[in-house]
Amino acid sequence: MTTSATRPSPEWLPVRRRSAKRLIDLMGGSFLLLMAIPVMAAVYLAIKATTKGPVFYRQVRVGHHGIPFTMIKFRTMHVGSHRARAALVHLNEAGGHLFKLRNDPRITPVGRLLRRLSLDELPQLVNVLRGDMSLVGPRPLLPEDSDYLGRARDRLLVPPGVTGLWQVSGRSNLPWEEMVRLDLHYVENCSALLDLVILARTIPAVLTARGAH
């Protein structure tokens, strides 16, 4: 484990380890995207048939080394819902720099199901193939949610992930401090083997929908 006195540099991962992680992303991401095409088609039609507006939702998130990127998701909220966030901030249940509301009125009925099953995240496989994200890594945050100090910034030393230790350990049930702790543990112990273990643990976590809302 690293300490604050031995903080890793921005390129602390060995080249071989970075290459192995990227290979897993390319091979795993391509396979998963291919397998997900029928499900994604069904989700596309469900959103199109039940709500007005675009099917996909594009949002700027903070990526590797703090570089912003556009993350792609299936839209789960009513159009224009981002403008209503300020009126709901006082109801935030997550704490820290996260905003989570179990019964968020902005979420559509179909969107609630998609979130419960994590199907809204499937388009992020495109981000993985582009290199914006990794299959496994810290959760990518919004720019307005990522202005934190201290060791929490070390989350940015590796690419953000579609899944991660936070997701297989409770997801939205976890407080901000615990999510940061898990993310830092991942950063300090990042390896291809750990990625494979987390990917394997993601399957039951998604199927049980633990902490998903």
# chains A, B, ... in the order shown; residues from 1 in each chain; ligands from 1
$ residues_around --residues "Met77 of chain A" --least-positions-apart "4" --cutoff "10 Å" --atoms "only C-alpha atoms" --output "JSON, numbers by chain"
{"A": [51, 57, 81, 82, 104, 105, 106, 107, 108, 109, 110, 111, 112]}
$ residues_around --residues "Val62 of chain A" --least-positions-apart "3" --cutoff "10 Å" --atoms "only C-alpha atoms" --output "list in words"
His65, Gly66, Ile67, Pro68, Phe69, Thr70, Met71, Asp132, Arg139, Pro140, Leu141, Leu142, Pro143, Glu144, Asp145, Ser146, Leu156, Pro159 and Pro160 of chain A
$ select_by_dssp --residues "segment 12-141 of chain A" --states "alpha helix (DSSP H)" --output "VMD selection string"
chain A and resid 15 to 50 109 to 116 124 to 130
$ write_last_selection --atoms "N, CA and C atoms" --output "compact mmCIF listing (two decimals), in the first residue's frame"
# COMPACT_ATOMS: atom_id res chain seq x y z
N VAL A 15 4.58 0.10 -17.61
CA VAL A 15 4.08 0.03 -18.98
C VAL A 15 3.41 -1.31 -19.24
N ARG A 16 4.00 -2.39 -18.77
CA ARG A 16 3.44 -3.72 -19.01
C ARG A 16 2.07 -3.86 -18.37
N ARG A 17 1.91 -3.29 -17.16
CA ARG A 17 0.62 -3.38 -16.48
C ARG A 17 -0.43 -2.52 -17.17
N ARG A 18 -0.03 -1.34 -17.65
CA ARG A 18 -0.96 -0.49 -18.40
C ARG A 18 -1.39 -1.17 -19.69
N SER A 19 -0.44 -1.84 -20.35
CA SER A 19 -0.74 -2.53 -21.60
C SER A 19 -1.70 -3.68 -21.37
N ALA A 20 -1.51 -4.41 -20.28
CA ALA A 20 -2.40 -5.54 -19.97
C ALA A 20 -3.81 -5.04 -19.68
N LYS A 21 -3.90 -3.93 -18.96
CA LYS A 21 -5.22 -3.36 -18.65
C LYS A 21 -5.93 -2.91 -19.92
N ARG A 22 -5.18 -2.26 -20.81
CA ARG A 22 -5.79 -1.80 -22.05
C ARG A 22 -6.21 -2.97 -22.93
N LEU A 23 -5.44 -4.05 -22.92
CA LEU A 23 -5.79 -5.23 -23.70
C LEU A 23 -7.09 -5.84 -23.19
N ILE A 24 -7.23 -5.92 -21.87
CA ILE A 24 -8.47 -6.43 -21.29
C ILE A 24 -9.65 -5.54 -21.69
N ASP A 25 -9.42 -4.23 -21.68
CA ASP A 25 -10.48 -3.29 -22.06
C ASP A 25 -10.92 -3.49 -23.51
N LEU A 26 -9.95 -3.63 -24.40
CA LEU A 26 -10.27 -3.76 -25.82
C LEU A 26 -10.96 -5.10 -26.12
N MET A 27 -10.40 -6.17 -25.59
CA MET A 27 -10.98 -7.49 -25.84
C MET A 27 -12.31 -7.67 -25.11
N GLY A 28 -12.31 -7.33 -23.81
CA GLY A 28 -13.53 -7.47 -23.03
C GLY A 28 -14.61 -6.51 -23.48
N GLY A 29 -14.23 -5.27 -23.77
CA GLY A 29 -15.21 -4.28 -24.21
C GLY A 29 -15.84 -4.66 -25.54
N SER A 30 -15.04 -5.15 -26.48
CA SER A 30 -15.56 -5.56 -27.79
C SER A 30 -16.52 -6.74 -27.64
N PHE A 31 -16.14 -7.71 -26.83
CA PHE A 31 -16.98 -8.90 -26.62
C PHE A 31 -18.30 -8.51 -25.95
N LEU A 32 -18.22 -7.71 -24.89
CA LEU A 32 -19.42 -7.33 -24.16
C LEU A 32 -20.35 -6.47 -25.02
N LEU A 33 -19.77 -5.57 -25.81
CA LEU A 33 -20.60 -4.73 -26.68
C LEU A 33 -21.31 -5.57 -27.72
N LEU A 34 -20.63 -6.56 -28.27
CA LEU A 34 -21.24 -7.44 -29.25
C LEU A 34 -22.39 -8.23 -28.63
N MET A 35 -22.14 -8.77 -27.42
CA MET A 35 -23.17 -9.56 -26.74
C MET A 35 -24.35 -8.69 -26.30
N ALA A 36 -24.09 -7.41 -26.07
CA ALA A 36 -25.13 -6.52 -25.54
C ALA A 36 -26.01 -5.91 -26.63
N ILE A 37 -25.68 -6.10 -27.89
CA ILE A 37 -26.43 -5.46 -28.97
C ILE A 37 -27.93 -5.76 -28.90
N PRO A 38 -28.38 -7.02 -28.73
CA PRO A 38 -29.83 -7.27 -28.65
C PRO A 38 -30.48 -6.56 -27.47
N VAL A 39 -29.81 -6.55 -26.32
CA VAL A 39 -30.35 -5.88 -25.13
C VAL A 39 -30.41 -4.37 -25.36
N MET A 40 -29.37 -3.82 -25.95
CA MET A 40 -29.34 -2.39 -26.20
C MET A 40 -30.43 -1.98 -27.20
N ALA A 41 -30.69 -2.85 -28.17
CA ALA A 41 -31.76 -2.57 -29.14
C ALA A 41 -33.11 -2.53 -28.43
N ALA A 42 -33.33 -3.46 -27.50
CA ALA A 42 -34.58 -3.49 -26.75
C ALA A 42 -34.72 -2.26 -25.86
N VAL A 43 -33.63 -1.86 -25.23
CA VAL A 43 -33.64 -0.66 -24.38
C VAL A 43 -33.93 0.58 -25.23
N TYR A 44 -33.30 0.65 -26.39
CA TYR A 44 -33.51 1.77 -27.31
C TYR A 44 -35.00 1.93 -27.63
N LEU A 45 -35.64 0.81 -27.98
CA LEU A 45 -37.05 0.84 -28.35
C LEU A 45 -37.93 1.20 -27.16
N ALA A 46 -37.57 0.71 -25.97
CA ALA A 46 -38.36 0.99 -24.77
C ALA A 46 -38.34 2.48 -24.43
N ILE A 47 -37.17 3.09 -24.52
CA ILE A 47 -37.06 4.52 -24.23
C ILE A 47 -37.80 5.34 -25.29
N LYS A 48 -37.63 4.93 -26.55
CA LYS A 48 -38.25 5.65 -27.66
C LYS A 48 -39.77 5.61 -27.58
N ALA A 49 -40.30 4.47 -27.10
CA ALA A 49 -41.75 4.28 -27.07
C ALA A 49 -42.42 4.93 -25.86
N THR A 50 -41.66 5.22 -24.83
CA THR A 50 -42.28 5.69 -23.58
C THR A 50 -41.99 7.14 -23.21
N PRO A 109 -40.18 6.00 -15.46
CA PRO A 109 -40.45 4.62 -15.05
C PRO A 109 -39.51 3.61 -15.71
N VAL A 110 -39.28 3.76 -17.01
CA VAL A 110 -38.36 2.87 -17.70
C VAL A 110 -36.94 3.11 -17.19
N GLY A 111 -36.61 4.36 -16.96
CA GLY A 111 -35.28 4.69 -16.46
C GLY A 111 -35.00 4.07 -15.11
N ARG A 112 -36.00 3.98 -14.25
CA ARG A 112 -35.83 3.37 -12.93
C ARG A 112 -35.45 1.90 -13.07
N LEU A 113 -36.09 1.21 -14.01
CA LEU A 113 -35.78 -0.20 -14.24
C LEU A 113 -34.38 -0.34 -14.83
N LEU A 114 -34.04 0.53 -15.76
CA LEU A 114 -32.72 0.48 -16.38
C LEU A 114 -31.62 0.68 -15.34
N ARG A 115 -31.85 1.62 -14.43
CA ARG A 115 -30.86 1.87 -13.38
C ARG A 115 -30.74 0.68 -12.43
N ARG A 116 -31.85 0.09 -12.11
CA ARG A 116 -31.84 -1.04 -11.19
C ARG A 116 -31.02 -2.19 -11.74
N GLN A 124 -21.55 2.92 -22.23
CA GLN A 124 -20.20 3.29 -21.80
C GLN A 124 -19.15 2.33 -22.34
N LEU A 125 -19.58 1.19 -22.85
CA LEU A 125 -18.63 0.28 -23.51
C LEU A 125 -17.99 0.97 -24.71
N VAL A 126 -18.72 1.88 -25.33
CA VAL A 126 -18.15 2.67 -26.43
C VAL A 126 -17.04 3.57 -25.90
N ASN A 127 -17.26 4.17 -24.73
CA ASN A 127 -16.22 4.97 -24.08
C ASN A 127 -14.98 4.15 -23.77
N VAL A 128 -15.20 2.89 -23.39
CA VAL A 128 -14.07 1.99 -23.10
C VAL A 128 -13.26 1.75 -24.36
N LEU A 129 -13.91 1.47 -25.47
CA LEU A 129 -13.19 1.21 -26.71
C LEU A 129 -12.50 2.47 -27.22
N ARG A 130 -13.06 3.62 -26.94
CA ARG A 130 -12.42 4.88 -27.33
C ARG A 130 -11.18 5.19 -26.49
$ atom_distance --atom1 "atom CA of Val162 of chain A" --atom2 "atom CA of Pro175 of chain A"
18.9 Å
$ residues_around --residues "Asp183 of chain A" --least-positions-apart "2" --cutoff "12 Å" --atoms "only C-alpha atoms" --output "number ranges by chain"
A: 136-140, 151-161, 163-169, 176-181, 185-190
$ closest_residue --among "A:Leu207, A:Leu193, A:Leu184, A:Val60" --to "Lys73 of chain A" --atoms "only C-alpha atoms"
A:Val60
$ select_by_dssp --residues "segment 16-208 of chain A" --states "strand (DSSP E)" --output "list in words"
Phe56, Tyr57, Arg58, Gln59, Val60, Arg61, Val62, Pro68, Phe69, Thr70, Met71, Ile72, Lys73, Phe74, Ser134, Leu135, Val136, Gly161, Val162 and Thr163 of chain A
$ atom_distance --atom1 "atom CA of Glu121 of chain A" --atom2 "atom CA of Leu199 of chain A"
14.3 Å
